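Structure data (PDB, C-alpha atoms and all ligand atoms) from run.pdb:
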ATOM      1  CA  MET A   1      63.256-193.452 112.675
ATOM      2  CA  THR A   2      60.251-191.240 113.331
ATOM      3  CA  TYR A   3      58.299-189.137 110.878
ATOM      4  CA  ASP A   4      55.076-187.133 110.848
ATOM      5  CA  ALA A   5      52.238-188.659 108.854
ATOM      6  CA  THR A   6      49.060-187.047 107.627
ATOM      7  CA  PHE A   7      45.989-188.988 108.737
ATOM      8  CA  ARG A   8      42.422-188.310 107.662
ATOM      9  CA  VAL A   9      40.031-189.986 110.087
ATOM     10  CA  TRP A  10      36.253-190.131 109.834
ATOM     11  CA  ARG A  11      34.594-188.658 112.902
ATOM     12  CA  GLY A  12      30.868-188.613 113.532
ATOM     13  CA  ASP A  13      27.919-190.785 114.450
ATOM     14  CA  ALA A  14      24.671-192.108 113.017
ATOM     15  CA  GLY A  15      23.557-188.539 112.388
ATOM     16  CA  GLY A  16      26.516-187.763 110.089
ATOM     17  CA  GLY A  17      30.165-186.833 110.184
ATOM     18  CA  ASP A  18      33.189-185.983 108.088
ATOM     19  CA  LEU A  19      36.879-186.636 107.540
ATOM     20  CA  GLN A  20      39.196-184.674 109.817
ATOM     21  CA  THR A  21      42.886-184.201 109.127
ATOM     22  CA  PHE A  22      45.652-184.710 111.706
ATOM     23  CA  THR A  23      49.434-184.781 111.770
ATOM     24  CA  VAL A  24      50.651-187.707 113.890
ATOM     25  CA  ALA A  25      54.090-189.114 114.705
ATOM     26  CA  VAL A  26      54.911-192.585 113.378
ATOM     27  CA  ASN A  27      57.703-194.817 114.701
ATOM     28  CA  GLU A  28      59.489-197.542 112.821
ATOM     29  CA  GLY A  29      57.616-200.863 112.799
ATOM     30  CA  GLU A  30      54.232-199.408 113.715
ATOM     31  CA  VAL A  31      50.855-200.365 112.330
ATOM     32  CA  VAL A  32      47.849-198.151 111.590
ATOM     33  CA  LEU A  33      46.250-199.022 114.936
ATOM     34  CA  ASP A  34      49.349-197.719 116.785
ATOM     35  CA  VAL A  35      48.955-194.378 115.071
ATOM     36  CA  ILE A  36      45.232-194.245 115.759
ATOM     37  CA  HIS A  37      45.986-194.942 119.431
ATOM     38  CA  ARG A  38      48.607-192.148 119.479
ATOM     39  CA  LEU A  39      46.049-189.813 117.948
ATOM     40  CA  GLN A  40      43.577-190.805 120.650
ATOM     41  CA  ALA A  41      46.196-190.374 123.405
ATOM     42  CA  THR A  42      47.546-187.001 122.282
ATOM     43  CA  GLN A  43      44.950-185.115 120.248
ATOM     44  CA  VAL A  44      41.416-186.570 120.251
ATOM     45  CA  GLY A  45      40.796-188.315 123.560
ATOM     46  CA  ASP A  46      37.224-189.208 122.654
ATOM     47  CA  LEU A  47      38.048-190.896 119.316
ATOM     48  CA  ALA A  48      36.043-194.136 119.246
ATOM     49  CA  VAL A  49      37.922-197.191 117.960
ATOM     50  CA  ARG A  50      37.287-200.886 118.609
ATOM     51  CA  TRP A  51      40.245-203.217 119.177
ATOM     52  CA  ASN A  52      41.286-205.991 121.472
ATOM     53  CA  CYS A  53      44.173-208.330 120.635
ATOM     54  CA  LYS A  54      46.442-206.191 118.436
ATOM     55  CA  ALA A  55      47.566-209.470 116.909
ATOM     56  CA  GLY A  56      45.131-210.060 114.044
ATOM     57  CA  LYS A  57      43.153-212.661 115.949
ATOM     58  CA  CYS A  58      40.108-211.027 117.562
ATOM     59  CA  GLY A  59      38.630-209.433 114.441
ATOM     60  CA  SER A  60      37.725-206.223 116.304
ATOM     61  CA  CYS A  61      39.760-203.508 114.585
ATOM     62  CA  SER A  62      38.213-203.808 111.111
ATOM     63  CA  ALA A  63      38.023-200.548 109.188
ATOM     64  CA  GLU A  64      38.760-199.182 105.733
ATOM     65  CA  VAL A  65      42.264-197.853 105.168
ATOM     66  CA  ASN A  66      42.641-195.828 101.988
ATOM     67  CA  GLY A  67      39.368-197.399 100.863
ATOM     68  CA  ARG A  68      40.387-201.015 101.401
ATOM     69  CA  PRO A  69      38.806-203.170 104.139
ATOM     70  CA  ARG A  70      41.618-204.089 106.532
ATOM     71  CA  LEU A  71      42.508-204.965 110.100
ATOM     72  CA  MET A  72      44.155-201.814 111.454
ATOM     73  CA  CYS A  73      46.447-203.864 113.708
ATOM     74  CA  MET A  74      47.799-205.834 110.757
ATOM     75  CA  THR A  75      48.316-202.927 108.374
ATOM     76  CA  ARG A  76      51.940-201.814 108.614
ATOM     77  CA  MET A  77      52.685-198.141 108.160
ATOM     78  CA  SER A  78      55.547-199.195 105.877
ATOM     79  CA  THR A  79      52.797-200.116 103.367
ATOM     80  CA  PHE A  80      52.454-196.387 102.706
ATOM     81  CA  GLY A  81      54.920-193.751 101.628
ATOM     82  CA  GLU A  82      55.927-191.236 104.329
ATOM     83  CA  ASP A  83      54.334-188.427 102.341
ATOM     84  CA  GLU A  84      51.176-190.404 101.581
ATOM     85  CA  THR A  85      47.957-189.375 103.326
ATOM     86  CA  VAL A  86      46.391-192.314 105.190
ATOM     87  CA  THR A  87      42.595-192.202 105.289
ATOM     88  CA  VAL A  88      40.794-194.311 107.879
ATOM     89  CA  THR A  89      37.022-194.732 107.716
ATOM     90  CA  PRO A  90      34.555-197.112 109.382
ATOM     91  CA  MET A  91      33.274-200.195 107.526
ATOM     92  CA  ARG A  92      30.713-198.873 105.081
ATOM     93  CA  THR A  93      28.371-201.854 105.030
ATOM     94  CA  PHE A  94      27.339-201.517 108.679
ATOM     95  CA  PRO A  95      25.698-198.606 110.526
ATOM     96  CA  VAL A  96      28.095-196.258 112.294
ATOM     97  CA  ILE A  97      27.849-196.034 116.064
ATOM     98  CA  ARG A  98      30.611-193.462 116.448
ATOM     99  CA  ASP A  99      33.827-192.593 114.602
ATOM    100  CA  LEU A 100      35.470-195.889 113.534
ATOM    101  CA  VAL A 101      33.061-198.150 115.420
ATOM    102  CA  THR A 102      30.211-199.785 113.534
ATOM    103  CA  ASP A 103      27.224-201.850 114.606
ATOM    104  CA  VAL A 104      27.915-205.347 113.254
ATOM    105  CA  SER A 105      24.857-207.004 114.782
ATOM    106  CA  PHE A 106      23.601-207.867 111.267
ATOM    107  CA  ASN A 107      26.206-210.631 111.375
ATOM    108  CA  TYR A 108      25.032-212.015 114.708
ATOM    109  CA  THR A 109      21.476-212.151 113.371
ATOM    110  CA  LYS A 110      22.600-214.126 110.326
ATOM    111  CA  ALA A 111      24.744-216.445 112.446
ATOM    112  CA  ALA A 112      21.778-217.266 114.676
ATOM    113  CA  GLN A 113      19.625-218.175 111.664
ATOM    114  CA  ILE A 114      21.910-220.969 110.473
ATOM    115  CA  PRO A 115      20.670-224.361 111.706
ATOM    116  CA  ALA A 116      23.133-225.860 114.176
ATOM    117  CA  PHE A 117      25.508-228.764 113.543
ATOM    118  CA  THR A 118      23.387-231.913 113.317
ATOM    119  CA  PRO A 119      25.535-235.044 113.748
ATOM    120  CA  ARG A 120      24.466-238.546 112.780
ATOM    121  CA  PRO A 121      24.111-241.117 115.623
ATOM    122  CA  ARG A 122      27.293-242.676 116.966
ATOM    123  CA  ASP A 123      28.433-246.086 115.788
ATOM    124  CA  GLU A 124      27.463-249.102 117.926
ATOM    125  CA  ASP A 125      30.669-248.837 119.945
ATOM    126  CA  GLY A 126      29.890-245.242 120.830
ATOM    127  CA  ASN A 127      32.432-243.680 118.479
ATOM    128  CA  HIS A 128      32.162-241.430 115.472
ATOM    129  CA  ARG A 129      34.351-242.554 112.580
ATOM    130  CA  VAL A 130      35.346-240.110 109.872
ATOM    131  CA  GLN A 131      38.024-239.993 107.217
ATOM    132  CA  GLN A 132      40.832-237.515 107.931
ATOM    133  CA  VAL A 133      40.505-236.130 104.413
ATOM    134  CA  ASP A 134      36.862-235.243 105.151
ATOM    135  CA  VAL A 135      37.822-233.554 108.416
ATOM    136  CA  GLU A 136      40.461-231.446 106.708
ATOM    137  CA  ARG A 137      38.150-230.206 103.963
ATOM    138  CA  SER A 138      36.197-227.924 106.271
ATOM    139  CA  GLN A 139      39.032-226.961 108.642
ATOM    140  CA  GLU A 140      40.054-223.989 106.502
ATOM    141  CA  PHE A 141      36.801-222.250 107.367
ATOM    142  CA  ARG A 142      37.407-222.690 111.107
ATOM    143  CA  LYS A 143      40.204-220.112 110.853
ATOM    144  CA  CYS A 144      37.600-217.337 110.526
ATOM    145  CA  ILE A 145      38.124-214.614 113.164
ATOM    146  CA  GLU A 146      34.759-212.957 112.379
ATOM    147  CA  CYS A 147      36.285-209.631 111.420
ATOM    148  CA  TYR A 148      33.492-209.207 108.838
ATOM    149  CA  LEU A 149      35.799-207.602 106.302
ATOM    150  CA  CYS A 150      34.395-210.015 103.709
ATOM    151  CA  GLN A 151      30.876-208.907 104.603
ATOM    152  CA  ASP A 152      31.994-205.283 104.343
ATOM    153  CA  THR A 153      33.442-205.702 100.874
ATOM    154  CA  CYS A 154      30.663-207.783  99.299
ATOM    155  CA  HIS A 155      28.863-205.565  96.802
ATOM    156  CA  VAL A 156      25.585-207.443  97.259
ATOM    157  CA  ILE A 157      25.062-205.733 100.629
ATOM    158  CA  ARG A 158      27.681-202.954 100.603
ATOM    159  CA  ASP A 159      25.557-200.669  98.471
ATOM    160  CA  HIS A 160      22.217-202.429  98.769
ATOM    161  CA  GLU A 161      20.672-202.233 102.194
ATOM    162  CA  GLU A 162      17.568-203.917 100.773
ATOM    163  CA  ASN A 163      19.525-207.139 100.128
ATOM    164  CA  LYS A 164      20.467-207.628 103.776
ATOM    165  CA  ALA A 165      17.175-209.351 104.541
ATOM    166  CA  VAL A 166      17.718-212.031 101.884
ATOM    167  CA  PHE A 167      21.513-212.420 101.729
ATOM    168  CA  ALA A 168      23.644-213.797 104.544
ATOM    169  CA  GLY A 169      26.963-212.639 103.084
ATOM    170  CA  PRO A 170      30.179-214.561 102.365
ATOM    171  CA  ARG A 171      31.099-215.272 105.999
ATOM    172  CA  PHE A 172      27.858-217.174 106.489
ATOM    173  CA  LEU A 173      27.824-218.818 103.088
ATOM    174  CA  ILE A 174      31.125-220.455 104.070
ATOM    175  CA  ARG A 175      29.638-221.432 107.426
ATOM    176  CA  LEU A 176      26.888-223.217 105.489
ATOM    177  CA  ALA A 177      29.487-224.778 103.200
ATOM    178  CA  GLU A 178      31.537-225.909 106.210
ATOM    179  CA  LEU A 179      28.548-227.636 107.766
ATOM    180  CA  ASP A 180      27.367-229.059 104.444
ATOM    181  CA  MET A 181      30.739-230.725 103.814
ATOM    182  CA  HIS A 182      31.190-231.879 107.422
ATOM    183  CA  PRO A 183      31.401-235.709 107.402
ATOM    184  CA  LEU A 184      29.107-236.072 110.440
ATOM    185  CA  ASP A 185      26.451-233.494 109.652
ATOM    186  CA  VAL A 186      23.288-235.040 108.223
ATOM    187  CA  ARG A 187      21.157-231.951 107.626
ATOM    188  CA  ASP A 188      20.679-231.060 103.968
ATOM    189  CA  ARG A 189      21.397-227.320 103.870
ATOM    190  CA  ARG A 190      21.407-226.853 100.116
ATOM    191  CA  GLY A 191      17.797-225.706  99.739
ATOM    192  CA  ALA A 192      18.126-223.209 102.594
ATOM    193  CA  ALA A 193      21.441-221.923 101.225
ATOM    194  CA  GLN A 194      19.699-220.943  98.026
ATOM    195  CA  ASP A 195      16.255-219.936  99.288
ATOM    196  CA  GLU A 196      16.915-218.454 102.738
ATOM    197  CA  PHE A 197      20.528-217.316 102.713
ATOM    198  CA  GLY A 198      20.741-215.894  99.187
ATOM    199  CA  LEU A 199      23.481-218.056  97.663
ATOM    200  CA  GLY A 200      22.192-217.137  94.190
ATOM    201  CA  TYR A 201      22.985-213.447  94.771
ATOM    202  CA  CYS A 202      26.714-214.225  94.820
ATOM    203  CA  ASN A 203      28.210-213.819  91.353
ATOM    204  CA  ILE A 204      31.663-215.060  92.391
ATOM    205  CA  THR A 205      33.555-211.800  92.084
ATOM    206  CA  LYS A 206      35.996-213.147  94.727
ATOM    207  CA  CYS A 207      36.328-209.723  96.423
ATOM    208  CA  CYS A 208      35.596-211.411  99.768
ATOM    209  CA  THR A 209      38.545-213.764  99.294
ATOM    210  CA  GLU A 210      40.862-210.852  98.475
ATOM    211  CA  VAL A 211      40.256-209.062 101.795
ATOM    212  CA  CYS A 212      40.191-212.052 104.179
ATOM    213  CA  PRO A 213      43.074-211.601 106.657
ATOM    214  CA  GLU A 214      43.106-215.342 107.356
ATOM    215  CA  GLY A 215      43.642-216.182 103.698
ATOM    216  CA  ILE A 216      40.493-218.297 103.543
ATOM    217  CA  HIS A 217      39.544-219.144  99.958
ATOM    218  CA  LEU A 218      35.902-218.272 100.511
ATOM    219  CA  THR A 219      34.824-218.491  96.890
ATOM    220  CA  ASP A 220      36.949-221.299  95.447
ATOM    221  CA  ASN A 221      36.740-223.653  98.427
ATOM    222  CA  GLY A 222      33.394-222.705  99.994
ATOM    223  CA  ILE A 223      30.889-220.800  97.899
ATOM    224  CA  ILE A 224      31.549-222.404  94.500
ATOM    225  CA  PRO A 225      31.400-226.008  95.856
ATOM    226  CA  LEU A 226      28.178-225.080  97.675
ATOM    227  CA  LYS A 227      26.701-223.700  94.451
ATOM    228  CA  GLU A 228      27.669-226.937  92.674
ATOM    229  CA  ARG A 229      25.949-229.002  95.347
ATOM    230  CA  VAL A 230      22.804-226.882  95.059
ATOM    231  CA  VAL A 231      22.780-227.469  91.294
ATOM    232  CA  ASP A 232      23.287-231.223  91.824
ATOM    233  CA  ARG A 233      20.293-231.292  94.163
ATOM    234  CA  ARG A 234      18.051-229.369  91.789
ATOM    235  CA  TYR A 235      18.884-231.312  88.666
ATOM    236  CA  ASP A 236      19.560-234.768  90.057
ATOM    237  CA  PRO A 237      16.809-236.982  88.490
ATOM    238  CA  LEU A 238      16.798-239.309  91.538
ATOM    239  CA  THR A 239      16.201-236.363  93.891
ATOM    240  CA  TRP A 240      13.406-235.193  91.607
ATOM    241  CA  LEU A 241      11.849-238.688  91.473
ATOM    242  CA  GLY A 242      12.171-239.057  95.253
ATOM    243  CA  SER A 243      10.273-235.810  95.788
ATOM    244  CA  LYS A 244       7.509-236.980  93.414
ATOM    245  CA  ILE A 245       6.914-240.326  95.129
ATOM    246  CA  GLY A 246       6.978-238.817  98.592
ATOM    247  CA  ARG A 247      10.331-240.129  99.811
ATOM    248  CA  ARG A 248      11.386-238.223 102.907
ATOM    249  CA  PRO A 249      14.279-235.932 102.090
ATOM    250  CA  ARG A 250      17.334-235.838 104.334
ATOM    251  CA  GLN A 251      16.731-233.624 107.384
TER     252      GLN A 251
HETATM  253  S1  LIG A 301      32.284-213.683  95.645
HETATM  254 FE1  LIG A 301      30.110-213.573  96.181
HETATM  255  S2  LIG A 301      30.061-213.393  98.400
HETATM  256 FE2  LIG A 301      32.179-212.900  97.721
HETATM  257  S3  LIG A 301      32.194-210.652  97.484
HETATM  258 FE3  LIG A 301      31.676-211.516  95.473
HETATM  259  S4  LIG A 301      29.425-211.574  95.403
HETATM  260 FE4  LIG A 301      30.021-211.303  97.571
HETATM  261  S1  LIG A 302      35.961-215.236 106.364
HETATM  262 FE1  LIG A 302      37.838-214.001 106.572
HETATM  263  S2  LIG A 302      37.166-211.891 106.091
HETATM  264 FE2  LIG A 302      35.327-213.080 106.508
HETATM  265  S3  LIG A 302      34.872-212.756 108.665
HETATM  266 FE3  LIG A 302      36.114-214.638 108.519
HETATM  267  S4  LIG A 302      38.239-213.982 108.764
HETATM  268 FE4  LIG A 302      37.039-212.131 108.331
HETATM  269  S1  LIG A 303      42.885-205.796 117.448
HETATM  270 FE1  LIG A 303      42.360-207.930 117.238
HETATM  271  S2  LIG A 303      42.367-208.237 115.094
HETATM  272 FE2  LIG A 303      43.080-206.186 115.319
END

Represent the supplied structure as structure tokens.
Amino acid sequence: MTYDATFRVWRGDAGGGDLQTFTVAVNEGEVVLDVIHRLQATQVGDLAVRWNCKAGKCGSCSAEVNGRPRLMCMTRMSTFGEDETVTVTPMRTFPVIRDLVTDVSFNYTKAAQIPAFTPRPRDEDGNHRVQQVDVERSQEFRKCIECYLCQDTCHVIRDHEENKAVFAGPRFLIRLAELDMHPLDVRDRRGAAQDEFGLGYCNITKCCTEVCPEGIHLTDNGIIPLKERVVDRRYDPLTWLGSKIGRRPRQ
């Protein structure tokens, strides 16, 4: 079953642009990215769109579909009525390069600022021993495909360019949480989470969790536990006493 859909697609570059309207054929079982590709193949050969796997695993095809941050390759056309106009725009939080392609290098900068995994020394027999339950706690965050839809939706940076310098965004707050709860990592990241990566800016709206295509519970399982650990560190009387008598904090 084929029908003609009305698509409004943002076209332009860093200097400006606008929404342009097209009529495009849609086949049964297709996703938004299929239709964008047909548009590119038949009507606008120079339409810029980033994609790679078409299987929801590379994180490249992030955009906003009818205002909601989504992977275009995982958004079925059956989500919309046949007479519904489908509007596709680039992620708003990042600078546009051209059409649907944005410059996401903000995320690479933040990733590079996070101190690397710092394991404790091996046991005397050369092994690392950890409890399976501790391993599993942080595995959820390893599912991240770095689509940056959570970064795109977070209001702290979506409408506030000035916050980008002091706020890492949800994807990197869960990276900090993952490392902080890793059973082998010995670096204390709680101070940096608050002071350098802007944990305090997050007011737990959970919008990042709602748009994550991997179903990662960013707020409940990552950001909130990290906030609790920061509070423990600040108000733990032993930590306070240790700092007063010059005990070396954990690295
Ligand atoms: S929960 Fe925090 S990090 Fe997630 S979107 Fe809301 S403010 Fe941003
Ligand atoms: S946490 Fe989810 S939404 Fe955020 S970058 Fe990773 S996969 Fe994408
Ligand atoms: S093309 Fe890879 S996630 Fe969509």

Surroundings of ligand LIG 301 (chain A) up to 9 Å, based on all atoms listed in the file, as a PDB file with C-alpha atoms, in the frame of the given file:
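Written out: selection38.pdb:
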ATOM      1  CA  CYS A 150      34.395-210.015 103.709  1.00  0.00           C
ATOM      2  CA  GLN A 151      30.876-208.907 104.603  1.00  0.00           C
ATOM      3  CA  ASP A 152      31.994-205.283 104.343  1.00  0.00           C
ATOM      4  CA  THR A 153      33.442-205.702 100.874  1.00  0.00           C
ATOM      5  CA  CYS A 154      30.663-207.783  99.299  1.00  0.00           C
ATOM      6  CA  HIS A 155      28.863-205.565  96.802  1.00  0.00           C
ATOM      7  CA  VAL A 156      25.585-207.443  97.259  1.00  0.00           C
ATOM      8  CA  ILE A 157      25.062-205.733 100.629  1.00  0.00           C
ATOM      9  CA  ALA A 168      23.644-213.797 104.544  1.00  0.00           C
ATOM     10  CA  GLY A 169      26.963-212.639 103.084  1.00  0.00           C
ATOM     11  CA  PRO A 170      30.179-214.561 102.365  1.00  0.00           C
ATOM     12  CA  ARG A 171      31.099-215.272 105.999  1.00  0.00           C
ATOM     13  CA  LEU A 173      27.824-218.818 103.088  1.00  0.00           C
ATOM     14  CA  LEU A 199      23.481-218.056  97.663  1.00  0.00           C
ATOM     15  CA  GLY A 200      22.192-217.137  94.190  1.00  0.00           C
ATOM     16  CA  TYR A 201      22.985-213.447  94.771  1.00  0.00           C
ATOM     17  CA  CYS A 202      26.714-214.225  94.820  1.00  0.00           C
ATOM     18  CA  ASN A 203      28.210-213.819  91.353  1.00  0.00           C
ATOM     19  CA  ILE A 204      31.663-215.060  92.391  1.00  0.00           C
ATOM     20  CA  THR A 205      33.555-211.800  92.084  1.00  0.00           C
ATOM     21  CA  LYS A 206      35.996-213.147  94.727  1.00  0.00           C
ATOM     22  CA  CYS A 207      36.328-209.723  96.423  1.00  0.00           C
ATOM     23  CA  CYS A 208      35.596-211.411  99.768  1.00  0.00           C
ATOM     24  CA  THR A 209      38.545-213.764  99.294  1.00  0.00           C
ATOM     25  CA  GLU A 210      40.862-210.852  98.475  1.00  0.00           C
ATOM     26  CA  LEU A 218      35.902-218.272 100.511  1.00  0.00           C
ATOM     27  CA  THR A 219      34.824-218.491  96.890  1.00  0.00           C
ATOM     28  CA  ASP A 220      36.949-221.299  95.447  1.00  0.00           C
ATOM     29  CA  ILE A 223      30.889-220.800  97.899  1.00  0.00           C
ATOM     30  CA  ILE A 224      31.549-222.404  94.500  1.00  0.00           C
TER      31      ILE A 224
END

Cut-off 9 Å: closest chain A/ligand LIG 303 (chain A) atom pairs per residue, using all atoms listed in the file, as a tab-separated table:
residue	atom	partner	partner_atom	distance
A:Leu33	CA	A:LIG303	FE2	7.8
A:Arg50	CA	A:LIG303	S1	7.5
A:Trp51	CA	A:LIG303	S1	4.1
A:Asn52	CA	A:LIG303	S1	4.3
A:Cys53	CA	A:LIG303	FE1	3.9
A:Lys54	CA	A:LIG303	S1	3.7
A:Ala55	CA	A:LIG303	FE1	5.4
A:Gly56	CA	A:LIG303	S2	3.5
A:Lys57	CA	A:LIG303	S2	4.6
A:Cys58	CA	A:LIG303	FE1	3.8
A:Gly59	CA	A:LIG303	S2	4.0
A:Ser60	CA	A:LIG303	FE1	5.0
A:Cys61	CA	A:LIG303	FE2	4.3
A:Ser62	CA	A:LIG303	FE2	6.9
A:Leu71	CA	A:LIG303	FE2	5.4
A:Met72	CA	A:LIG303	FE2	5.9
A:Cys73	CA	A:LIG303	FE2	4.4
A:Met74	CA	A:LIG303	FE2	6.6
A:Ile145	CA	A:LIG303	S2	7.9
A:Cys147	CA	A:LIG303	S2	7.2

Please put the answer as JSON: centre and edge lengths, in Å with one decimal, of a box along x, y and z that encloses all listed atoms of ligand LIG 302 (chain A) plus 4 Å on each side.
{"center_x": 36.6, "center_y": -213.6, "center_z": 107.4, "size_x": 11.4, "size_y": 11.3, "size_z": 10.7}

### A:Thr6 surroundings by all atoms listed in the file, 12 Å radius, close-in-sequence under 5 positions cut, as a list in words
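Neighbouring residues, sequence-local ones excluded: Gln20, Thr21, Phe22, Thr23, Val24, Ala25, Val26, Val32, Val35, Ile36, Leu39, Met77, Phe80, Gly81, Glu82, Asp83, Glu84, Thr85, Val86, Thr87 and Val88 of chain A.
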
### Query
From the list A:Ala193, A:Leu184, A:Val211, A:Val230, which residue is nearest A:Arg120 when using all atoms listed in the file?
A:Leu184

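Excluding A:Gln131 itself and same-chain residues fewer than 6 positions from it, the residues having an atom within 12 Å of it are Arg137, His182, Pro183 and Leu184 of chain A, counting all atoms listed in the file.
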
### Task
Could you jot down the atom CA of A:Glu28 to atom CA of A:Ser78 separation for me, Å, one decimal place?
8.2 Å

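Here atom CA of A:Thr89 and atom CA of A:Ala63 stand 6.1 Å from one another.
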
### Task
Measuring atom to atom with all atoms listed in the file, identify which of A:Tyr3, A:Phe172, A:Phe167, A:Tyr148 is nearest to ligand LIG 302 (chain A).
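Closest to ligand LIG 302 (chain A), using all atoms listed in the file: A:Tyr148.
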
#### Entry: Proximity to A:Gln113 - best of A:Cys212, A:Leu226, A:Ala48, A:Val166, only C-alpha atoms
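Answer, going by the shortest atom-to-atom distance: A:Val166.
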
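Across A:Val104, A:Ala112, A:Val231, A:Ala165, the tightest approach to ligand LIG 302 (chain A) is made by A:Val104 when counting all atoms listed in the file.
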
### Task
Identify which of the residues A:Gly215, A:Gly198, A:Asp185, A:Asp46 lies closest to A:Pro121, counting all atoms listed in the file when measuring atom-to-atom distances.
A:Asp185

### Query
Mind pulling up the distance from atom CA of A:Arg142 to atom CA of A:Thr75?
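So the answer is 22.7 Å.
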
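Checking A:Glu140, A:Asp159, A:Asp180, A:Glu196 one by one against ligand LIG 302 (chain A), counting all atoms listed in the file, you find the shortest gap at A:Glu140.
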
### Query
Skipping near chain neighbours, those fewer than 4 positions away, what residues fall within 8 Å of A:Lys143 using only C-alpha atoms, listed as a list of chain:residue names?
A:Gln139, A:Glu214, A:Ile216

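Evaluating the PyMOL selection byres (((chain A and resi 95-103) around 7) and not hetatm) against the shown model yields Trp10, Arg11, Gly12, Asp13, Ala14, Leu47, Ala48, Val49, Arg50, Ala63, Thr89, Pro90, Met91, Thr93, Phe94, Val104 and Ser105 of chain A.
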